[in-house]
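Quick notes on the structure that follows.
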Amino acid sequence: MAVVAVAFVAGFGAVAARAVRLQILEGPRYVKHGDAQWRRSVVLPPQRGVIADRSGQTVAASADAHSIAANPGLLARLDPGELSQLARALGLDRAALARKAQRPGKFVWLKRRVSAAESRAVGELDLPAVGVFPEARRYYTSALAAQLVGFVGDDGEGLEGIELAWDDALQGGSVRVPSVVDARGKSVLAEAPAPGAIRTGARVELALDLRLQLAAEQVLSRAVAQARAAGGMLVAMDPRTGEVLALAHAPSFNPNQPRRGAPMRNRAVLDTYEPGSTFKIFTLAGALDAGVLHARDAIDCEEGAWRVGGHVIHDHKKLGWVGPERIVVTSSNIGAAKIGARLGRERLVKTLLAFGFGERSGTEIPGEPRGAVPFPKAEVALATMSFGQGVAATPLQITSAVAAVANGGMLMRPVLVRRVVDPATGATVHEGEPTPVRRAVSRETAALLTRWLVAVIDDPDGTGKRARLDGWSAAGKTGTAQKADPVTHRYSADRRFSSFVGFAPAENPRIALGVFVDEPRGEVYGGEVAAPVFREVAEQALRLLGVPPSRPGAEAVAASDPAPPAEEEPPQPTFEEEADRRVAEGGGVAVPHLAGKAARSALRALEEAELGAEVKGSGRVVSQSPRAGEVVERGTRVRLVLAPPRP
């Protein structure tokens, strides 16, 4: 009995010691290990903020979507029939799915942000290897200003343009909430986040006017195609505030489907060029301000040829003794070079720096260059810099400098974003207020230059006569620069950078425009290629802005953008009726009934119907065009007008 008692005591002691070790000494570690098997933290991402134009019209917004993922090990165990069904449901190649099944790890994306039809098809297969995960999808209501707005990547981060520059504000703040998972690791119970825990991304309102942007892109694209050019850019600014009202590129791309090799770069802000004769404006401005040039001075233009050092400078038109106005009107290189010699090296460089060349303009776009204003040591370098060779500037810098002449000599910082609004509080966290940078020239000099630039357009001998507006006075300057050959490192004989910069109305400028055409073929001069684009866009801009005509006897029609008339919405068609109509129309799609729906629900309904969207306003849908039930082709854009609900 004693032996048995000792054995029992020893056994209970061992059990007690083990219990103490497990429960007390190592208890926290085992609790943590056990919780890790059935507790998870679920990350609830925020809704990315909206990007809108100056009138509140939506440019970019986010809506709910689904992505399909799988466990590669389980995916490899599917039989060939199941794999083929999955491939058909996702519109993928079966071999591509088989390759994904060979990847290491326990997770692989099969297809991100699928359509509603694809998500349903995968769900109906009920495959244990495949999961459907909610994600947000970025929608761009149109391809307008694609290079400026940019786009986002698969993980929702901004990759280009405003999406990249304001990524932190647009992203918002995600939140982690506790969740319980089952044996397969699927979430079966998650706590609701605290009110306000998920911070929706900020609303970014651009200075852009989408009406003017549309007109600019249409006119520019047509001109680039006619000139068989490599590309084109257009910058439209309000010279009083520096707000960028339009920033167009040709060719452009679709931000909803960005493809490798597409022209995504914002060349108007990020690329530099030799501006050519448009720079003569600033050479003359510096000379007038310095007092080395006067309106009645006479300058010998050497009958079209002038030797400087070992080089000969030519004019396209032979001139003798002429005044500064005639030098501007006929765009004389020799006249500009002689005025630059009067101004001198130091003062010429100082003038160009005062107009913002050689420094970043202050936009939010990452990677914006300074341009180049080298010191002209040689006599020929001073001469060529005076008419725009040997310097480099972006189209935005050139347009900003011309806008400084338009507003009386004050250089303004370009404004791309008018304001950024916190959606939770409605407070403005960033205001793109008009910001004067410095005075570039005096008001008197700017006024005299404006008079000469008007003559560039109105004079029968002016190089910019094709920029003359119907109804308004305008001022401007042509430019045709030779581009450097990357092989010979000399100026190319057949590659040009043609431009026209100006503003209107000349007496009270409301719009400053820079038009730039890269490597046109056939007609290469700025007065032939770029000036007509200036005329057409400037006329449409002044109509949109409601500017009355400034020429006697001319009429200007003020443009408006009225809301669509109210209409009685027909009853929402049933699914069967829509299906019948699609068959009857040979593949058409019936527009769904969207009146009263929130923006996100409306976008989701249009996506399910394989239709696009063009959204104006915020709140709930009050009008749509085409109307509900109307049969249209797949991919047709449905215009939605939204308004806040009435109290």
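Going by the structure tokens order, chains are called A, B, ..., each with residues numbered from 1, while ligands are numbered from 1 in the order shown.
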
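With only C-alpha atoms taken into account, the protein and nucleic acid residues at most 12 Å from Val524 (chain A) (excluding it and anything under 5 positions from it in its own chain) are A:Val224, A:Gln226, A:Ala227, A:Arg228, A:Ala229, A:Thr478, A:Gly479, A:Thr480, A:Ala481, A:Gln482, A:Ala493, A:Asp494, A:Arg495, A:Arg496, A:Phe497, A:Ser498, A:Ser499, A:Phe516, A:Val517, A:Asp518, A:Glu519, A:Val529, A:Ala530, A:Ala531.
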
| Asp315 (chain A) surroundings by only C-alpha atoms, 8 Å radius, close-in-sequence under 6 positions cut, as a PyMOL selection string | chain A and resi 304-305+332-334

For those residues, write N, CA, C and O atoms to a file as a PDB file, in the first residue's frame.
```
ATOM      1  N   GLY A 304      17.569  89.169 -95.092  1.00  0.00           N
ATOM      2  CA  GLY A 304      17.300  87.742 -94.953  1.00  0.00           C
ATOM      3  C   GLY A 304      18.478  86.861 -94.645  1.00  0.00           C
ATOM      4  O   GLY A 304      18.302  85.640 -94.508  1.00  0.00           O
ATOM      5  N   ALA A 305      19.726  87.415 -94.529  1.00  0.00           N
ATOM      6  CA  ALA A 305      20.893  86.587 -94.206  1.00  0.00           C
ATOM      7  C   ALA A 305      21.882  87.425 -93.413  1.00  0.00           C
ATOM      8  O   ALA A 305      22.243  88.536 -93.823  1.00  0.00           O
ATOM      9  N   SER A 332      10.901  87.498 -87.690  1.00  0.00           N
ATOM     10  CA  SER A 332      12.263  87.592 -88.207  1.00  0.00           C
ATOM     11  C   SER A 332      13.254  87.055 -87.183  1.00  0.00           C
ATOM     12  O   SER A 332      13.357  87.574 -86.065  1.00  0.00           O
ATOM     13  N   ASN A 333      14.020  86.049 -87.576  1.00  0.00           N
ATOM     14  CA  ASN A 333      15.074  85.525 -86.715  1.00  0.00           C
ATOM     15  C   ASN A 333      16.204  86.539 -86.541  1.00  0.00           C
ATOM     16  O   ASN A 333      16.744  86.712 -85.440  1.00  0.00           O
ATOM     17  N   ILE A 334      16.555  87.195 -87.632  1.00  0.00           N
ATOM     18  CA  ILE A 334      17.656  88.156 -87.580  1.00  0.00           C
ATOM     19  C   ILE A 334      17.294  89.331 -86.685  1.00  0.00           C
ATOM     20  O   ILE A 334      18.101  89.790 -85.856  1.00  0.00           O
TER      21      ILE A 334
END
```

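Proximity to Thr200 (chain A) at 8 Å, evaluated using only C-alpha atoms and with sequence-adjacent residues fewer than 2 positions away removed, yields Pro46, Gln47, Arg48, Gly49, Gln171, Gly172, Gly173, Ile198, Ala202, Pro423 and Ala424 of chain A.
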
_Members of region 279-412 of chain A assigned helix (DSSP H, G or I) by DSSP, as a PyMOL selection string_ = chain A and resi 279-290+302-304+324-330+333-343+345-354+379-386+395-406

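Picture a line from CA of Val420 (chain A) to CA of Val244 (chain A); it runs 16.0 Å.
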
**Report entry** Spatial neighbours of Gly105 (chain A), 8 Å, only C-alpha atoms, chain gap at least 3 places, as a PyMOL selection string
**Finding:** chain A and resi 71-72+108

* With a distance cut-off of 8 Å and only C-alpha atoms, select the neighbouring residues of Arg639 (chain A), excluding the residue or stretch itself and same-chain residues fewer than 6 positions from it, and output the selection as a list in words. => Ala613, Glu614, Val615, Lys616, Gln624, Ser625 and Pro626 of chain A

Expected file: the selected residues, N, CA, C and O atoms, as a compact mmCIF listing (two decimals), in the first residue's frame:
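Contents of result.txt, freshly written:
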```
# COMPACT_ATOMS: atom_id res chain seq x y z
N ALA A 613 -20.83 54.38 -68.75
CA ALA A 613 -21.52 55.42 -68.00
C ALA A 613 -20.82 56.75 -68.17
O ALA A 613 -19.60 56.82 -68.31
N GLU A 614 -21.62 57.82 -68.18
CA GLU A 614 -21.13 59.20 -68.14
C GLU A 614 -21.94 59.90 -67.06
O GLU A 614 -23.15 60.09 -67.22
N VAL A 615 -21.30 60.23 -65.95
CA VAL A 615 -22.00 60.70 -64.76
C VAL A 615 -21.79 62.18 -64.57
O VAL A 615 -20.66 62.68 -64.68
N LYS A 616 -22.86 62.90 -64.24
CA LYS A 616 -22.79 64.32 -63.91
C LYS A 616 -23.52 64.55 -62.60
O LYS A 616 -24.66 64.14 -62.45
N GLN A 624 -31.77 59.94 -67.08
CA GLN A 624 -30.84 59.10 -67.83
C GLN A 624 -31.14 59.20 -69.31
O GLN A 624 -32.28 59.44 -69.72
N SER A 625 -30.10 59.03 -70.09
CA SER A 625 -30.24 59.05 -71.54
C SER A 625 -29.18 58.12 -72.13
O SER A 625 -27.99 58.29 -71.83
N PRO A 626 -29.57 57.09 -72.93
CA PRO A 626 -30.91 56.73 -73.39
C PRO A 626 -31.84 56.32 -72.24
O PRO A 626 -31.39 55.92 -71.19
```

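Our summary of the geometry notes that CA of Leu513 (chain A) is positioned 22.8 Å from CA of Met385 (chain A).
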
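Minimum distance to Gly73 (chain A) across A:Gly409, A:Pro548, A:Gly362, A:Pro104 (counting only C-alpha atoms) occurs at A:Pro104.
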
Near-Ser119 (chain A) list (9 Å; only C-alpha atoms; drop same-chain fewer than 6 positions) as a ChimeraX atom specification:
/A:65-68,89-90,132

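Restricting the calculation to only C-alpha atoms, the smallest distance between Val537 (chain A) and any of A:Glu118, A:Glu359, A:Asp167, A:Glu217 is found for A:Glu217.
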
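Here the question is which of A:Glu243, A:Leu74, A:Gly323, A:His311 gets nearest to Thr435 (chain A) using only C-alpha atoms, and that residue is A:Glu243.
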
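Between CA of Leu144 (chain A) and CA of Met264 (chain A) the interatomic distance comes to 12.3 Å.
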
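Compared by their closest atoms to Gly462 (chain A), and using only C-alpha atoms, the residues A:Ala392, A:Leu603, A:Leu594, A:Val329 rank with A:Val329 nearest.
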